[in-house]
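File shown here: query.txt, holding compact mmCIF, C-alpha atoms.
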# COMPACT_ATOMS: atom_id res chain seq x y z
CA MET X 1 -73.99 23.95 81.90
CA GLN X 2 -74.44 20.36 81.02
CA LEU X 3 -75.46 21.37 77.50
CA LYS X 4 -72.32 23.43 76.99
CA LYS X 5 -70.10 20.51 78.07
CA SER X 6 -71.90 18.22 75.62
CA VAL X 7 -71.34 20.67 72.75
CA ILE X 8 -67.62 20.92 73.59
CA ARG X 9 -67.30 17.13 73.61
CA LEU X 10 -68.99 16.90 70.22
CA LEU X 11 -66.66 19.53 68.80
CA VAL X 12 -63.58 17.72 70.15
CA LEU X 13 -64.84 14.42 68.78
CA ALA X 14 -65.49 15.96 65.40
CA ALA X 15 -62.01 17.45 65.38
CA CYS X 16 -60.50 14.05 66.23
CA VAL X 17 -62.51 12.39 63.49
CA ALA X 18 -61.39 15.04 61.00
CA LEU X 19 -57.77 14.69 62.05
CA ALA X 20 -57.89 10.90 61.76
CA SER X 21 -59.49 11.18 58.34
CA GLY X 22 -56.72 13.58 57.17
CA CYS X 23 -54.00 11.22 58.38
CA ALA X 24 -55.58 8.31 56.59
CA MET X 25 -55.73 10.28 53.33
CA GLN X 26 -52.06 11.30 53.65
CA ALA X 27 -51.09 7.68 54.28
CA THR X 28 -53.05 6.59 51.24
CA ASN X 29 -51.51 9.28 49.01
CA GLY X 30 -47.98 8.43 50.25
CA GLY X 31 -48.53 4.77 49.43
CA GLU X 32 -49.73 5.63 45.98
CA GLU X 33 -46.72 7.88 45.37
CA THR X 34 -44.38 5.16 46.62
CA ALA X 35 -46.07 2.59 44.44
CA ALA X 36 -45.91 4.97 41.47
CA LYS X 37 -42.20 5.54 42.05
CA ALA X 38 -41.64 1.82 42.37
CA ASP X 39 -43.52 1.20 39.16
CA SER X 40 -41.50 3.93 37.45
CA THR X 41 -38.27 2.37 38.68
CA GLN X 42 -39.39 -1.07 37.53
CA ALA X 43 -40.38 0.36 34.16
CA ALA X 44 -37.03 2.10 33.80
CA THR X 45 -35.07 -0.99 34.75
CA PRO X 46 -36.05 -3.09 31.70
CA GLU X 47 -35.30 -0.09 29.46
CA SER X 48 -31.91 0.34 31.11
CA ALA X 49 -31.28 -3.38 30.76
CA ALA X 50 -32.33 -3.20 27.14
CA SER X 51 -30.00 -0.24 26.61
CA THR X 52 -27.19 -2.12 28.32
CA GLY X 53 -27.85 -5.20 26.19
CA SER X 54 -27.93 -3.07 23.07
CA SER X 55 -24.60 -1.48 24.04
CA ALA X 56 -23.09 -4.90 24.70
CA ALA X 57 -24.39 -6.19 21.40
CA SER X 58 -23.00 -3.13 19.63
CA SER X 59 -19.63 -3.61 21.34
CA GLY X 60 -19.68 -7.28 20.40
CA ALA X 61 -20.50 -6.41 16.81
CA GLN X 62 -17.69 -3.85 16.72
CA GLY X 63 -15.31 -6.40 18.20
CA GLY X 64 -16.43 -8.91 15.60
CA VAL X 65 -15.83 -6.38 12.83
CA ALA X 66 -12.42 -5.53 14.26
CA GLY X 67 -11.55 -9.22 14.56
CA SER X 68 -12.73 -9.81 11.01
CA THR X 69 -10.66 -6.87 9.80
CA GLY X 70 -7.61 -8.17 11.64
CA PHE X 71 -8.10 -11.61 10.11
CA THR X 72 -8.49 -10.07 6.66
CA GLU X 73 -5.32 -8.01 7.09
CA GLN X 74 -3.44 -11.09 8.27
CA ALA X 75 -4.74 -13.08 5.30
CA VAL X 76 -3.68 -10.29 2.94
CA GLY X 77 -0.28 -10.13 4.62
CA ASP X 78 0.16 -13.90 4.33
CA SER X 79 -0.89 -13.76 0.70
CA GLY X 80 1.61 -10.98 0.00
CA THR X 81 4.35 -12.94 1.75
CA ALA X 82 3.50 -16.01 -0.30
CA ARG X 83 3.60 -13.99 -3.52
CA GLY X 84 6.93 -12.46 -2.46
CA SER X 85 8.34 -15.91 -1.67
CA MET X 86 7.16 -17.26 -5.02
CA THR X 87 8.71 -14.28 -6.83
CA GLU X 88 11.97 -14.65 -4.94
CA SER X 89 12.01 -18.41 -5.58
CA SER X 90 11.36 -17.79 -9.28
CA ALA X 91 14.17 -15.21 -9.41
CA MET X 92 16.56 -17.62 -7.68
CA THR X 93 15.61 -20.37 -10.15
CA ASP X 94 16.18 -18.07 -13.10
CA ASN X 95 19.53 -16.92 -11.71
CA GLY X 96 20.56 -20.53 -11.05
CA ALA X 97 19.61 -21.53 -14.58
CA SER X 98 21.52 -18.59 -16.05
CA ALA X 99 24.59 -19.38 -13.97
CA SER X 100 24.42 -23.04 -14.99
CA ALA X 101 24.08 -22.12 -18.65
CA GLY X 102 26.99 -19.67 -18.33
CA ALA X 103 29.20 -22.29 -16.68
CA GLU X 104 28.38 -24.85 -19.37
CA GLY X 105 29.13 -22.32 -22.09
CA ALA X 106 32.46 -21.46 -20.44
CA GLN X 107 33.41 -25.14 -20.31
CA ILE X 108 32.86 -25.82 -24.01
CA SER X 109 33.70 -22.43 -25.55
CA SER X 110 37.46 -23.02 -25.98
CA LEU X 111 40.47 -25.02 -24.83
CA MET X 112 42.30 -23.50 -21.86
CA ARG X 113 45.91 -23.84 -20.75
CA ILE X 114 46.93 -25.12 -17.32
CA HIS X 115 49.87 -24.17 -15.09
CA PHE X 116 52.26 -26.07 -12.81
CA ASP X 117 54.28 -25.40 -9.68
CA PHE X 118 58.06 -25.02 -9.91
CA ASP X 119 59.80 -28.24 -10.97
CA ARG X 120 56.51 -30.20 -10.67
CA TYR X 121 54.25 -32.00 -13.12
CA GLU X 122 51.42 -33.00 -10.75
CA LEU X 123 48.03 -31.48 -11.56
CA SER X 124 46.63 -28.92 -9.12
CA GLU X 125 42.93 -28.75 -8.29
CA GLU X 126 42.61 -25.69 -10.52
CA ALA X 127 44.33 -27.56 -13.39
CA ARG X 128 41.91 -30.49 -12.97
CA MET X 129 38.91 -28.16 -13.20
CA THR X 130 40.34 -26.58 -16.37
CA LEU X 131 40.93 -30.02 -17.89
CA ALA X 132 37.34 -30.98 -17.10
CA GLY X 133 36.22 -27.99 -19.17
CA ASN X 134 38.56 -29.04 -21.99
CA ALA X 135 37.13 -32.56 -21.89
CA ALA X 136 33.61 -31.14 -22.18
CA TYR X 137 34.71 -29.10 -25.18
CA LEU X 138 36.21 -32.17 -26.89
CA LYS X 139 33.07 -34.22 -26.25
CA ALA X 140 30.95 -31.45 -27.73
CA ASN X 141 33.28 -31.32 -30.77
CA PRO X 142 33.96 -34.98 -31.59
CA ASN X 143 35.88 -34.21 -34.78
CA THR X 144 38.42 -32.01 -33.01
CA GLN X 145 41.90 -33.39 -32.31
CA ILE X 146 44.43 -31.59 -30.13
CA ARG X 147 48.13 -31.38 -29.55
CA ILE X 148 49.20 -31.06 -25.91
CA GLU X 149 52.35 -28.96 -25.49
CA GLY X 150 54.47 -29.11 -22.32
CA HIS X 151 56.44 -25.95 -21.37
CA CYS X 152 58.90 -24.92 -18.62
CA ASP X 153 60.51 -21.75 -17.34
CA GLU X 154 64.12 -20.87 -18.20
CA ARG X 155 65.74 -22.33 -15.10
CA GLY X 156 67.44 -25.70 -15.50
CA SER X 157 69.18 -27.36 -18.41
CA ASP X 158 67.59 -27.79 -21.83
CA GLU X 159 67.53 -31.59 -21.47
CA TYR X 160 65.97 -31.45 -18.03
CA ASN X 161 63.27 -29.00 -19.12
CA LEU X 162 62.43 -31.04 -22.23
CA ALA X 163 61.87 -34.09 -20.05
CA LEU X 164 59.87 -32.07 -17.51
CA GLY X 165 57.70 -30.58 -20.27
CA GLU X 166 56.98 -34.07 -21.56
CA ARG X 167 55.89 -35.26 -18.13
CA ARG X 168 53.57 -32.26 -17.85
CA ALA X 169 51.99 -32.99 -21.24
CA MET X 170 51.60 -36.65 -20.29
CA ALA X 171 49.88 -35.79 -17.01
CA ALA X 172 47.34 -33.66 -18.89
CA LYS X 173 46.78 -36.37 -21.52
CA ARG X 174 46.14 -39.08 -18.95
CA TYR X 175 43.67 -36.94 -17.06
CA LEU X 176 41.70 -36.14 -20.23
CA GLN X 177 41.67 -39.86 -21.02
CA SER X 178 40.29 -40.58 -17.52
CA LEU X 179 37.45 -38.14 -18.29
CA GLY X 180 36.41 -40.14 -21.36
CA VAL X 181 38.36 -38.44 -24.16
CA ASP X 182 39.60 -40.92 -26.77
CA THR X 183 43.39 -41.03 -26.63
CA SER X 184 43.57 -41.31 -30.43
CA ARG X 185 42.48 -37.66 -30.57
CA LEU X 186 45.40 -36.56 -28.39
CA THR X 187 49.04 -36.06 -29.33
CA MET X 188 51.73 -34.39 -27.26
CA ILE X 189 55.07 -32.62 -27.55
CA SER X 190 57.52 -30.93 -25.16
CA TYR X 191 59.10 -27.58 -25.94
CA GLY X 192 60.92 -27.27 -22.63
CA GLU X 193 61.92 -23.63 -22.17
CA GLU X 194 61.99 -22.79 -25.90
CA ARG X 195 58.59 -21.03 -26.19
CA PRO X 196 57.95 -18.83 -23.17
CA LEU X 197 54.83 -16.74 -22.87
CA ASP X 198 56.87 -14.07 -21.06
CA SER X 199 60.61 -13.73 -21.72
CA SER X 200 61.23 -11.76 -18.51
CA SER X 201 63.47 -13.25 -15.83
CA ASN X 202 61.26 -12.92 -12.75
CA GLU X 203 58.84 -15.01 -10.73
CA ALA X 204 55.74 -13.66 -12.48
CA ALA X 205 57.13 -14.62 -15.90
CA TRP X 206 58.29 -18.05 -14.70
CA THR X 207 54.81 -18.75 -13.26
CA LYS X 208 53.23 -18.04 -16.66
CA ASN X 209 55.74 -20.20 -18.54
CA ARG X 210 55.28 -23.40 -16.46
CA ARG X 211 52.26 -24.64 -18.40
CA ALA X 212 50.60 -27.03 -20.83
CA GLU X 213 48.89 -25.71 -23.94
CA PHE X 214 46.07 -27.41 -25.92
CA ILE X 215 46.12 -26.67 -29.64
CA SER X 216 43.29 -27.75 -31.95
CA ARG X 217 44.31 -29.33 -35.25

As a first step, turn the structure in this file into structure tokens.
Amino acid sequence: MQLKKSVIRLLVLAACVALASGCAMQATNGGEETAAKADSTQAATPESAASTGSSAASSGAQGGVAGSTGFTEQAVGDSGTARGSMTESSAMTDNGASASAGAEGAQISSLMRIHFDFDRYELSEEARMTLAGNAAYLKANPNTQIRIEGHCDERGSDEYNLALGERRAMAAKRYLQSLGVDTSRLTMISYGEERPLDSSSNEAAWTKNRRAEFISR
């Protein structure tokens, strides 16, 4: 009986030892698996960080390329604007030079008549501009002498219109003299109402006939 109890105790003890040994092995294996997983995670983390850094670098490079492209496009746009401005400025200069040359040619191409208001001999602004052109013509042609003719419309007496025509011719002569034309090159005469440009009896004809003519001789 005592022997049987001893055998049972040994068997129970052996079973406990075996169970304890199995638990220890499981604990060891679990720790190794945990450590392996941790190592795997740690190994993956640098790779992930490297991938993230590479992506950031790639994004930065793309941004740099885009910024460079934008700068290049802006530079090209500014260059095109500058070229357009230079072309426009050149065109404006050419047009201004052409207009200036045309105006100068118009001033010295021929002698132009001037007109007066009804019963007046004062020079209008338009008449002064025309006389300035006549003065330029005379300066460009120093051997030319002119006769200034004063004219009137048909209204009024012959004597009155002859006197008015003379005052109109005199006003033109004095203004040319003030512009530097030698008075020895200028003579004058009044025709009054004797030589109308338009023989009609209306306002349009009278406006044409109130004038001073400049005849080269």

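Counting all atoms listed in the file, the residue from X:Leu123, X:Glu193, X:Phe214, X:Gly150 that sits nearest to Ala135 (chain X) is X:Phe214.
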
Residue contacts of region 207-211 of chain X (12 Å, all atoms listed in the file) excluding same-chain residues fewer than 5 positions away, as a VMD selection string: chain X and resid 112 to 124 127 148 to 155 161 to 162 164 to 169 171 to 172 190 to 202

Write a file of the just-selected residues containing C-alpha atoms, as a PDB file, in the coordinates of the input.
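Saved result, again-v7.pdb, follows:
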ATOM      1  CA  MET X 112      42.300 -23.500 -21.860  1.00  0.00           C
ATOM      2  CA  ARG X 113      45.910 -23.840 -20.750  1.00  0.00           C
ATOM      3  CA  ILE X 114      46.930 -25.120 -17.320  1.00  0.00           C
ATOM      4  CA  HIS X 115      49.870 -24.170 -15.090  1.00  0.00           C
ATOM      5  CA  PHE X 116      52.260 -26.070 -12.810  1.00  0.00           C
ATOM      6  CA  ASP X 117      54.280 -25.400  -9.680  1.00  0.00           C
ATOM      7  CA  PHE X 118      58.060 -25.020  -9.910  1.00  0.00           C
ATOM      8  CA  ASP X 119      59.800 -28.240 -10.970  1.00  0.00           C
ATOM      9  CA  ARG X 120      56.510 -30.200 -10.670  1.00  0.00           C
ATOM     10  CA  TYR X 121      54.250 -32.000 -13.120  1.00  0.00           C
ATOM     11  CA  GLU X 122      51.420 -33.000 -10.750  1.00  0.00           C
ATOM     12  CA  LEU X 123      48.030 -31.480 -11.560  1.00  0.00           C
ATOM     13  CA  SER X 124      46.630 -28.920  -9.120  1.00  0.00           C
ATOM     14  CA  ALA X 127      44.330 -27.560 -13.390  1.00  0.00           C
ATOM     15  CA  ILE X 148      49.200 -31.060 -25.910  1.00  0.00           C
ATOM     16  CA  GLU X 149      52.350 -28.960 -25.490  1.00  0.00           C
ATOM     17  CA  GLY X 150      54.470 -29.110 -22.320  1.00  0.00           C
ATOM     18  CA  HIS X 151      56.440 -25.950 -21.370  1.00  0.00           C
ATOM     19  CA  CYS X 152      58.900 -24.920 -18.620  1.00  0.00           C
ATOM     20  CA  ASP X 153      60.510 -21.750 -17.340  1.00  0.00           C
ATOM     21  CA  GLU X 154      64.120 -20.870 -18.200  1.00  0.00           C
ATOM     22  CA  ARG X 155      65.740 -22.330 -15.100  1.00  0.00           C
ATOM     23  CA  ASN X 161      63.270 -29.000 -19.120  1.00  0.00           C
ATOM     24  CA  LEU X 162      62.430 -31.040 -22.230  1.00  0.00           C
ATOM     25  CA  LEU X 164      59.870 -32.070 -17.510  1.00  0.00           C
ATOM     26  CA  GLY X 165      57.700 -30.580 -20.270  1.00  0.00           C
ATOM     27  CA  GLU X 166      56.980 -34.070 -21.560  1.00  0.00           C
ATOM     28  CA  ARG X 167      55.890 -35.260 -18.130  1.00  0.00           C
ATOM     29  CA  ARG X 168      53.570 -32.260 -17.850  1.00  0.00           C
ATOM     30  CA  ALA X 169      51.990 -32.990 -21.240  1.00  0.00           C
ATOM     31  CA  ALA X 171      49.880 -35.790 -17.010  1.00  0.00           C
ATOM     32  CA  ALA X 172      47.340 -33.660 -18.890  1.00  0.00           C
ATOM     33  CA  SER X 190      57.520 -30.930 -25.160  1.00  0.00           C
ATOM     34  CA  TYR X 191      59.100 -27.580 -25.940  1.00  0.00           C
ATOM     35  CA  GLY X 192      60.920 -27.270 -22.630  1.00  0.00           C
ATOM     36  CA  GLU X 193      61.920 -23.630 -22.170  1.00  0.00           C
ATOM     37  CA  GLU X 194      61.990 -22.790 -25.900  1.00  0.00           C
ATOM     38  CA  ARG X 195      58.590 -21.030 -26.190  1.00  0.00           C
ATOM     39  CA  PRO X 196      57.950 -18.830 -23.170  1.00  0.00           C
ATOM     40  CA  LEU X 197      54.830 -16.740 -22.870  1.00  0.00           C
ATOM     41  CA  ASP X 198      56.870 -14.070 -21.060  1.00  0.00           C
ATOM     42  CA  SER X 199      60.610 -13.730 -21.720  1.00  0.00           C
ATOM     43  CA  SER X 200      61.230 -11.760 -18.510  1.00  0.00           C
ATOM     44  CA  SER X 201      63.470 -13.250 -15.830  1.00  0.00           C
ATOM     45  CA  ASN X 202      61.260 -12.920 -12.750  1.00  0.00           C
TER      46      ASN X 202
END

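Closest to Thr130 (chain X) among X:Ser110, X:Ser157, X:Ser184, X:Ser178 is X:Ser110, based on all atoms listed in the file.
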
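With all atoms listed in the file as the atoms that count, the minimum distance from Gln177 (chain X) to the choices X:Ile8, X:Glu125, X:Glu203, X:Asn134 is reached by X:Asn134.
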
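Within the 12 Å cut-off around Leu179 (chain X), using all atoms listed in the file and omitting residues fewer than 6 positions from it on the same chain, the listed residues are Arg128, Met129, Leu131, Ala132, Gly133, Asn134, Ala135, Ala136, Tyr137, Leu138, Lys139, Ala172 and Lys173 of chain X.
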
Between CA of Gly156 (chain X) and CA of Met170 (chain X), distance in Å (one decimal): 19.8 Å
